[in-house]
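Student: See work.txt below, with compact mmCIF, C-alpha atoms.
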# COMPACT_ATOMS: atom_id res chain seq x y z
CA MET A 184 -14.86 -11.80 -16.59
CA ASP A 185 -15.66 -11.80 -12.89
CA ILE A 186 -14.09 -9.04 -10.80
CA HIS A 187 -14.27 -9.57 -7.06
CA TYR A 188 -12.73 -6.22 -6.06
CA ARG A 189 -13.56 -3.29 -8.33
CA ARG A 190 -11.75 -0.56 -6.41
CA VAL A 191 -8.61 -1.33 -4.45
CA LEU A 192 -6.10 0.53 -2.33
CA LEU A 193 -2.67 -1.00 -2.87
CA LYS A 194 0.03 -0.37 -0.26
CA LEU A 195 3.59 -0.58 -1.57
CA SER A 196 6.50 -0.40 0.82
CA GLY A 197 9.52 1.66 -0.10
CA GLU A 198 11.64 -1.47 0.28
CA ALA A 199 9.61 -3.15 -2.46
CA LEU A 200 10.58 -0.37 -4.85
CA GLY A 201 14.20 -0.97 -3.96
CA GLY A 202 14.14 -4.54 -5.24
CA ALA A 203 16.21 -7.31 -3.65
CA ASN A 204 18.26 -4.94 -1.50
CA GLY A 205 15.33 -2.76 -0.49
CA ILE A 206 17.43 0.36 -0.94
CA GLY A 207 17.09 3.08 -3.55
CA LEU A 208 14.99 2.46 -6.63
CA ASP A 209 15.23 -0.65 -8.81
CA PRO A 210 14.16 -0.01 -12.44
CA LYS A 211 13.31 -3.68 -13.01
CA MET A 212 11.09 -3.79 -9.94
CA LEU A 213 9.35 -0.56 -10.93
CA ALA A 214 8.69 -2.01 -14.37
CA PHE A 215 7.37 -5.24 -12.84
CA ILE A 216 5.04 -3.43 -10.44
CA SER A 217 3.75 -1.22 -13.26
CA ARG A 218 2.95 -4.23 -15.43
CA GLU A 219 1.11 -5.94 -12.55
CA VAL A 220 -0.96 -2.81 -11.93
CA LYS A 221 -1.69 -2.50 -15.65
CA LYS A 222 -3.13 -6.02 -15.69
CA ILE A 223 -5.84 -5.06 -13.22
CA ARG A 224 -6.41 -1.63 -14.75
CA ASP A 225 -6.96 -3.32 -18.12
CA ILE A 226 -9.89 -5.33 -16.72
CA GLY A 227 -11.49 -2.25 -15.22
CA VAL A 228 -10.25 -2.26 -11.62
CA GLU A 229 -9.84 1.21 -10.10
CA VAL A 230 -6.60 1.67 -8.17
CA GLY A 231 -5.27 3.90 -5.44
CA LEU A 232 -1.68 3.50 -4.30
CA VAL A 233 0.01 4.43 -1.03
CA VAL A 234 3.80 4.27 -1.09
CA GLY A 235 6.20 4.05 1.80
CA ALA A 236 9.74 5.41 1.91
CA GLY A 237 11.82 2.79 3.73
CA ASN A 238 14.12 2.59 0.71
CA ILE A 239 15.08 6.22 1.30
CA PHE A 240 14.42 7.18 4.92
CA ARG A 241 12.39 5.83 7.82
CA GLY A 242 11.18 8.21 10.48
CA MET A 243 12.03 5.63 13.14
CA GLU A 244 15.70 5.88 12.10
CA SER A 245 15.86 9.60 12.86
CA THR A 246 17.52 9.18 16.26
CA GLU A 247 20.47 7.47 14.56
CA PHE A 248 21.11 10.78 12.81
CA ALA A 249 20.48 12.89 15.94
CA ILE A 250 17.26 14.14 14.32
CA ASP A 251 14.21 14.98 16.38
CA PRO A 252 11.71 12.08 15.94
CA ILE A 253 8.91 14.36 14.76
CA GLN A 254 11.19 15.98 12.19
CA GLY A 255 12.31 12.48 11.23
CA ASP A 256 8.72 11.49 10.52
CA PHE A 257 8.24 14.53 8.32
CA ILE A 258 11.45 13.73 6.42
CA GLY A 259 10.12 10.22 5.85
CA MET A 260 6.81 11.62 4.62
CA GLU A 261 8.64 13.92 2.21
CA ALA A 262 10.62 10.92 0.96
CA THR A 263 7.38 9.21 -0.05
CA THR A 264 6.91 12.02 -2.59
CA ILE A 265 10.03 10.89 -4.44
CA ASN A 266 8.73 7.32 -4.60
CA ALA A 267 5.26 8.44 -5.64
CA LEU A 268 6.60 10.54 -8.52
CA VAL A 269 8.84 7.72 -9.73
CA VAL A 270 5.94 5.24 -9.61
CA LYS A 271 3.78 7.73 -11.52
CA GLU A 272 6.37 7.99 -14.29
CA ALA A 273 6.77 4.20 -14.44
CA LEU A 274 2.99 3.80 -14.80
CA SER A 275 2.74 6.60 -17.36
CA PHE A 276 5.49 4.99 -19.43
CA ILE A 277 3.29 1.94 -20.08
CA GLY A 278 0.15 3.96 -20.73
CA ILE A 279 -1.52 4.22 -17.32
CA LYS A 280 -2.92 7.64 -16.45
CA ALA A 281 -1.65 8.46 -12.98
CA MET A 282 -1.87 11.38 -10.60
CA VAL A 283 0.09 12.11 -7.40
CA LEU A 284 -1.79 13.72 -4.53
CA SER A 285 0.06 14.73 -1.39
CA LEU A 286 -1.05 15.15 2.20
CA LEU A 287 1.83 17.61 2.64
CA GLY A 288 0.36 20.28 0.38
CA GLU A 289 0.52 21.40 -3.22
CA ASN A 290 3.75 22.41 -4.95
CA LYS A 291 5.16 22.53 -8.48
CA ILE A 292 5.21 18.76 -8.91
CA VAL A 293 2.31 17.33 -6.88
CA ASP A 294 -1.28 18.30 -6.23
CA ASN A 295 -2.80 18.77 -2.79
CA TYR A 296 -4.90 15.87 -1.49
CA HIS A 297 -8.62 16.29 -1.05
CA ARG A 298 -11.07 13.41 -0.95
CA ASP A 299 -13.42 14.93 -3.54
CA LYS A 300 -10.50 15.53 -5.87
CA ALA A 301 -9.28 11.95 -5.51
CA LEU A 302 -12.76 10.56 -6.21
CA LYS A 303 -13.06 12.77 -9.29
CA TYR A 304 -9.73 11.57 -10.69
CA ILE A 305 -10.61 7.94 -9.97
CA ALA A 306 -13.88 8.40 -11.88
CA GLN A 307 -11.90 9.84 -14.79
CA GLY A 308 -9.78 6.70 -15.01
CA TYR A 309 -6.67 7.85 -13.18
CA THR A 310 -4.62 5.68 -10.86
CA ILE A 311 -4.13 7.82 -7.77
CA ILE A 312 -0.80 7.72 -5.92
CA PHE A 313 -0.91 9.13 -2.41
CA ALA A 314 2.25 10.72 -1.02
CA GLY A 315 2.92 12.15 2.42
CA GLY A 316 1.57 9.33 4.58
CA THR A 317 -1.20 10.64 6.83
CA GLY A 318 0.34 14.10 6.82
CA ASN A 319 1.03 13.76 10.55
CA PRO A 320 3.93 12.36 12.59
CA PHE A 321 3.60 9.17 14.65
CA PHE A 322 1.52 7.37 11.99
CA THR A 323 2.86 4.82 9.52
CA THR A 324 2.01 4.49 5.84
CA ASP A 325 0.07 1.34 6.81
CA THR A 326 -2.35 3.60 8.65
CA ALA A 327 -2.33 5.99 5.68
CA ALA A 328 -3.29 3.09 3.41
CA VAL A 329 -6.31 2.19 5.52
CA LEU A 330 -7.34 5.85 5.78
CA ARG A 331 -7.12 6.41 2.03
CA GLY A 332 -8.88 3.12 1.38
CA LEU A 333 -11.79 4.21 3.56
CA GLU A 334 -11.94 7.66 1.99
CA LEU A 335 -11.90 6.20 -1.52
CA ASP A 336 -14.67 3.74 -0.65
CA ALA A 337 -12.30 0.97 -1.73
CA ASP A 338 -13.48 -2.62 -1.56
CA VAL A 339 -10.25 -3.79 0.05
CA VAL A 340 -6.80 -2.68 1.18
CA LEU A 341 -4.05 -4.80 -0.35
CA LYS A 342 -0.68 -4.86 1.35
CA ALA A 343 2.08 -6.09 -0.92
CA THR A 344 4.94 -7.74 0.96
CA LYS A 345 7.89 -10.07 0.48
CA VAL A 346 6.02 -13.03 2.03
CA ASP A 347 2.96 -14.86 0.78
CA GLY A 348 0.64 -13.93 3.62
CA VAL A 349 0.31 -13.73 7.38
CA TYR A 350 2.09 -16.37 9.47
CA SER A 351 1.77 -17.45 13.09
CA ALA A 352 5.49 -16.68 13.46
CA ASP A 353 8.35 -15.43 11.32
CA PRO A 354 8.66 -18.15 8.64
CA LYS A 355 12.35 -17.30 8.20
CA LYS A 356 13.01 -18.14 11.84
CA ASP A 357 10.40 -20.79 12.58
CA PRO A 358 10.07 -23.67 10.09
CA HIS A 359 6.79 -24.66 11.78
CA ALA A 360 5.16 -21.27 11.25
CA GLN A 361 1.62 -21.61 9.93
CA ARG A 362 0.29 -19.47 7.12
CA TYR A 363 -3.27 -18.29 7.53
CA GLU A 364 -5.65 -18.15 4.57
CA THR A 365 -7.94 -15.95 6.66
CA ILE A 366 -7.62 -14.37 10.08
CA SER A 367 -9.81 -11.97 12.02
CA TYR A 368 -8.69 -8.48 12.96
CA GLN A 369 -9.12 -9.46 16.61
CA ASP A 370 -6.86 -12.50 16.33
CA ALA A 371 -4.23 -10.56 14.41
CA LEU A 372 -4.25 -7.93 17.15
CA ALA A 373 -4.31 -10.42 20.01
CA GLN A 374 -1.40 -12.42 18.59
CA ASN A 375 0.52 -9.21 17.84
CA LEU A 376 1.32 -10.49 14.37
CA GLN A 377 3.86 -8.27 12.66
CA VAL A 378 1.88 -7.85 9.48
CA MET A 379 0.66 -4.29 9.84
CA ASP A 380 0.91 -1.76 12.61
CA GLN A 381 -1.77 -2.02 15.26
CA THR A 382 -3.22 1.44 14.62
CA ALA A 383 -3.94 0.42 11.03
CA LEU A 384 -5.48 -2.88 12.13
CA VAL A 385 -7.73 -1.19 14.69
CA LEU A 386 -8.85 1.39 12.14
CA ALA A 387 -9.67 -1.35 9.62
CA LYS A 388 -11.49 -3.38 12.29
CA GLU A 389 -13.61 -0.45 13.45
CA ASN A 390 -14.63 0.36 9.88
CA ARG A 391 -14.93 -3.21 8.62
CA MET A 392 -12.35 -2.68 5.89
CA PRO A 393 -11.06 -6.06 4.66
CA MET A 394 -7.35 -6.37 4.01
CA VAL A 395 -5.27 -8.85 2.08
CA VAL A 396 -1.57 -9.40 2.71
CA PHE A 397 0.08 -11.01 -0.30
CA GLU A 398 3.41 -11.56 -2.01
CA LEU A 399 4.20 -8.77 -4.43
CA PHE A 400 6.83 -10.63 -6.39
CA ARG A 401 4.68 -13.45 -7.76
CA PRO A 402 3.51 -12.65 -11.30
CA ASP A 403 -0.29 -12.36 -11.62
CA ALA A 404 -0.82 -12.42 -7.84
CA LEU A 405 -2.55 -9.06 -7.98
CA LEU A 406 -4.67 -10.10 -10.96
CA ASP A 407 -5.70 -13.38 -9.31
CA LEU A 408 -6.54 -11.53 -6.12
CA VAL A 409 -8.94 -9.02 -7.69
CA ARG A 410 -10.64 -11.89 -9.52
CA GLY A 411 -11.45 -13.49 -6.18
CA LYS A 412 -8.88 -16.28 -6.09
CA SER A 413 -7.32 -17.26 -2.77
CA VAL A 414 -4.09 -15.30 -2.64
CA GLY A 415 -2.18 -14.39 0.50
CA THR A 416 -4.11 -13.88 3.74
CA LEU A 417 -7.48 -12.18 4.08
CA ILE A 418 -7.92 -10.19 7.29
CA THR A 419 -11.56 -9.57 8.04
CA GLU A 420 -14.21 -9.83 10.77
Rewrite the structure from the file as structure tokens, please.
Tutor:
Amino acid sequence: MDIHYRRVLLKLSGEALGGANGIGLDPKMLAFISREVKKIRDIGVEVGLVVGAGNIFRGMESTEFAIDPIQGDFIGMEATTINALVVKEALSFIGIKAMVLSLLGENKIVDNYHRDKALKYIAQGYTIIFAGGTGNPFFTTDTAAVLRGLELDADVVLKATKVDGVYSADPKKDPHAQRYETISYQDALAQNLQVMDQTALVLAKENRMPMVVFELFRPDALLDLVRGKSVGTLITE
């Protein structure tokens, strides 16, 4: 069986874990995501996961609560730990060995992140779930995903979304919006396409890390993608 991508970094938004409403944690969605990850693990694909926390708290919302923006970012990073631990348990329930590593430091429930440690666990067959974003304020989990993908020597960064790729405009607002099968980093940046934050795109561009934006909710999309089928939008040079 051909495998196009043998090591992937999968970015999951917090909203995805919240299901249709994008709030809290949806058991059915967690089960679905776990089964989709298991499909690619079963054919030998190595997986790292970065999780967001928009279902719990977004740093950008901190001013609405009269919270200092930097503290708000740290609260959001802490919230990713909750999501990471829940995803770990969902994966473990169906037989996938998983480990949570945090950029915010070691405690009783998560291990501290170090690149060598992550590579060791990957080699031992673990799916690694990264919590804590980049560990610094002002950076999104999109940027964390590209960083962790580079550090893991991943073949690709996969961003799971609610839409089936990158469009020239918001397809919900513009019926004439065009979906791209491929697009260059430069064009994505120049057109200011709201697919991933610009810091993440620039980092991927400078390090030639390909990215694929795809629809999370289609069964077998992840499996088709790692086998090299055209799924979503490939962002590359």
Student: For a cut-off of 9 Å around (-10.4, 1.4, -7.5), file coordinates, pick out all residues using all atoms listed in the file and list them as a list in words.
Tutor: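 Residues found, by chain and rising number: Tyr188, Arg189, Arg190, Val191, Leu192, Arg224, Gly227, Val228, Glu229, Val230, Gly231, Ile305, Ala306, Thr310, Ile311, Leu335, Asp336, Ala337 and Asp338 of chain A.
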Student: Keeping only C-alpha atoms, write the selected residues as a JSON list (two decimals), keeping the file's coordinate frame.
Tutor:
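The result, stored in part_35.json:
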[["chain", "number", "residue", "atom", "x", "y", "z"],
["A", 188, "TYR", "CA", -12.73, -6.22, -6.06],
["A", 189, "ARG", "CA", -13.56, -3.29, -8.33],
["A", 190, "ARG", "CA", -11.75, -0.56, -6.41],
["A", 191, "VAL", "CA", -8.61, -1.33, -4.45],
["A", 192, "LEU", "CA", -6.10, 0.53, -2.33],
["A", 224, "ARG", "CA", -6.41, -1.63, -14.75],
["A", 227, "GLY", "CA", -11.49, -2.25, -15.22],
["A", 228, "VAL", "CA", -10.25, -2.26, -11.62],
["A", 229, "GLU", "CA", -9.84, 1.21, -10.10],
["A", 230, "VAL", "CA", -6.60, 1.67, -8.17],
["A", 231, "GLY", "CA", -5.27, 3.90, -5.44],
["A", 305, "ILE", "CA", -10.61, 7.94, -9.97],
["A", 306, "ALA", "CA", -13.88, 8.40, -11.88],
["A", 310, "THR", "CA", -4.62, 5.68, -10.86],
["A", 311, "ILE", "CA", -4.13, 7.82, -7.77],
["A", 335, "LEU", "CA", -11.90, 6.20, -1.52],
["A", 336, "ASP", "CA", -14.67, 3.74, -0.65],
["A", 337, "ALA", "CA", -12.30, 0.97, -1.73],
["A", 338, "ASP", "CA", -13.48, -2.62, -1.56]]
Student: Could you list, as a PDB file with C-alpha atoms, in the coordinates of the input, every residue within 12 Å of A:Leu333, counting all atoms listed in the file and ignoring same-chain residues fewer than 4 positions away?
Tutor:
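What ended up in around.pdb:
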ATOM      1  CA  ARG A 190     -11.750  -0.560  -6.410  1.00  0.00           C
ATOM      2  CA  VAL A 191      -8.610  -1.330  -4.450  1.00  0.00           C
ATOM      3  CA  LEU A 192      -6.100   0.530  -2.330  1.00  0.00           C
ATOM      4  CA  GLY A 231      -5.270   3.900  -5.440  1.00  0.00           C
ATOM      5  CA  ARG A 298     -11.070  13.410  -0.950  1.00  0.00           C
ATOM      6  CA  LEU A 302     -12.760  10.560  -6.210  1.00  0.00           C
ATOM      7  CA  THR A 326      -2.350   3.600   8.650  1.00  0.00           C
ATOM      8  CA  ALA A 327      -2.330   5.990   5.680  1.00  0.00           C
ATOM      9  CA  ALA A 328      -3.290   3.090   3.410  1.00  0.00           C
ATOM     10  CA  VAL A 329      -6.310   2.190   5.520  1.00  0.00           C
ATOM     11  CA  ALA A 337     -12.300   0.970  -1.730  1.00  0.00           C
ATOM     12  CA  ASP A 338     -13.480  -2.620  -1.560  1.00  0.00           C
ATOM     13  CA  VAL A 339     -10.250  -3.790   0.050  1.00  0.00           C
ATOM     14  CA  VAL A 340      -6.800  -2.680   1.180  1.00  0.00           C
ATOM     15  CA  ALA A 383      -3.940   0.420  11.030  1.00  0.00           C
ATOM     16  CA  LEU A 386      -8.850   1.390  12.140  1.00  0.00           C
ATOM     17  CA  ALA A 387      -9.670  -1.350   9.620  1.00  0.00           C
ATOM     18  CA  LYS A 388     -11.490  -3.380  12.290  1.00  0.00           C
ATOM     19  CA  GLU A 389     -13.610  -0.450  13.450  1.00  0.00           C
ATOM     20  CA  ASN A 390     -14.630   0.360   9.880  1.00  0.00           C
ATOM     21  CA  ARG A 391     -14.930  -3.210   8.620  1.00  0.00           C
ATOM     22  CA  MET A 392     -12.350  -2.680   5.890  1.00  0.00           C
ATOM     23  CA  PRO A 393     -11.060  -6.060   4.660  1.00  0.00           C
ATOM     24  CA  MET A 394      -7.350  -6.370   4.010  1.00  0.00           C
TER      25      MET A 394
END
Student: Report as a list in words all protein, DNA and RNA residues lying within 9 Å of stretch 343-347 of chain A, evaluated on all atoms listed in the file, omitting residues in the same chain fewer than 3 positions from it.
Tutor: Leu193, Lys194, Leu195, Ser196, Ala199, Tyr350, Pro354, Arg362, Val395, Val396, Phe397, Glu398, Leu399, Phe400, Arg401, Leu405, Val414, Gly415 and Thr416 of chain A
Student: Leaving out A:Met282 and any residue of its chain fewer than 4 positions from it, which residues lie within 12 Å of it when counting only C-alpha atoms, given as a VMD selection string?
Tutor: chain A and resid 230 to 233 264 267 to 275 292 to 296 300 to 305 307 to 314
Student: Using C-alpha atoms, can you export the residues from the last selection as an mmCIF file, in the coordinates of the input?
Tutor:
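Output file again01.cif follows:
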data_model
loop_
_atom_site.group_PDB
_atom_site.id
_atom_site.type_symbol
_atom_site.label_atom_id
_atom_site.label_comp_id
_atom_site.auth_asym_id
_atom_site.auth_seq_id
_atom_site.Cartn_x
_atom_site.Cartn_y
_atom_site.Cartn_z
ATOM 1 C CA VAL A 230 -6.600 1.670 -8.170
ATOM 2 C CA GLY A 231 -5.270 3.900 -5.440
ATOM 3 C CA LEU A 232 -1.680 3.500 -4.300
ATOM 4 C CA VAL A 233 0.010 4.430 -1.030
ATOM 5 C CA THR A 264 6.910 12.020 -2.590
ATOM 6 C CA ALA A 267 5.260 8.440 -5.640
ATOM 7 C CA LEU A 268 6.600 10.540 -8.520
ATOM 8 C CA VAL A 269 8.840 7.720 -9.730
ATOM 9 C CA VAL A 270 5.940 5.240 -9.610
ATOM 10 C CA LYS A 271 3.780 7.730 -11.520
ATOM 11 C CA GLU A 272 6.370 7.990 -14.290
ATOM 12 C CA ALA A 273 6.770 4.200 -14.440
ATOM 13 C CA LEU A 274 2.990 3.800 -14.800
ATOM 14 C CA SER A 275 2.740 6.600 -17.360
ATOM 15 C CA ILE A 292 5.210 18.760 -8.910
ATOM 16 C CA VAL A 293 2.310 17.330 -6.880
ATOM 17 C CA ASP A 294 -1.280 18.300 -6.230
ATOM 18 C CA ASN A 295 -2.800 18.770 -2.790
ATOM 19 C CA TYR A 296 -4.900 15.870 -1.490
ATOM 20 C CA LYS A 300 -10.500 15.530 -5.870
ATOM 21 C CA ALA A 301 -9.280 11.950 -5.510
ATOM 22 C CA LEU A 302 -12.760 10.560 -6.210
ATOM 23 C CA LYS A 303 -13.060 12.770 -9.290
ATOM 24 C CA TYR A 304 -9.730 11.570 -10.690
ATOM 25 C CA ILE A 305 -10.610 7.940 -9.970
ATOM 26 C CA GLN A 307 -11.900 9.840 -14.790
ATOM 27 C CA GLY A 308 -9.780 6.700 -15.010
ATOM 28 C CA TYR A 309 -6.670 7.850 -13.180
ATOM 29 C CA THR A 310 -4.620 5.680 -10.860
ATOM 30 C CA ILE A 311 -4.130 7.820 -7.770
ATOM 31 C CA ILE A 312 -0.800 7.720 -5.920
ATOM 32 C CA PHE A 313 -0.910 9.130 -2.410
ATOM 33 C CA ALA A 314 2.250 10.720 -1.020
#
Student: Please compute the atom CA of A:Phe257-atom CA of A:Lys211 distance, one decimal, in Å.
Tutor: 28.5 Å
Student: Using only C-alpha atoms, pick whichever of A:Ala373, A:Ile277, A:Phe321, A:Val385 has the shortest atom-to-atom distance to A:Arg218.
Tutor: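 Between A:Ala373, A:Ile277, A:Phe321, A:Val385, the residue approaching A:Arg218 most closely is A:Ile277.
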Student: Which residue gives the smallest distance to A:Thr263 among A:Gly316, A:Ala214, A:Lys291, A:Asp299, with all atoms listed in the file counted?
Tutor: A:Gly316
Student: Record the distance separating atom CA of A:Gln381 and atom CA of A:Gln369, expressed in Å with one decimal.
Tutor: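 For atom CA of A:Gln381 relative to atom CA of A:Gln369, the distance reads 10.5 Å.
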Student: Tell me, in Å to one decimal, how far atom CA of A:Val220 is from atom CA of A:Leu406.
Tutor: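 Pair atom CA of A:Val220 / atom CA of A:Leu406 returns 8.2 Å.
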Student: Quick one: of A:Ile418, A:Ile265, A:Met260, A:Leu384, who's nearest to A:Thr324, counting all atoms listed in the file?
Tutor: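 Looking only at the distances to A:Thr324, the closest residue turns out to be A:Met260.
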Student: A:Gly278, A:Ser351, A:Ala203, A:Glu198: which is nearest A:Asp225, counting all atoms listed in the file?
Tutor: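 Among A:Gly278, A:Ser351, A:Ala203, A:Glu198, it is A:Gly278 that comes nearest to A:Asp225.
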Student: Taking all atoms listed in the file into account, which of A:Asn290, A:Ser217, A:Asn238, A:Ser413 comes nearest A:Ala262?
Tutor: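 Counting all atoms listed in the file, the residue closest to A:Ala262 is A:Asn238.
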Student: Looking at A:Ile366, A:Ala360, A:Leu213, A:Val409, which one is nearest to A:Phe276, with distances taken over only C-alpha atoms?
Tutor: A:Leu213
Student: Could you work out an axis-aligned bounding box for all listed atoms of stretch 394-404 of chain A, with 3 Å added on each of the six sides, and give its centre and edge lengths in Å to one decimal, as JSON?
Tutor:
{"center_x": -0.3, "center_y": -9.9, "center_z": -3.8, "size_x": 20.2, "size_y": 13.1, "size_z": 21.6}
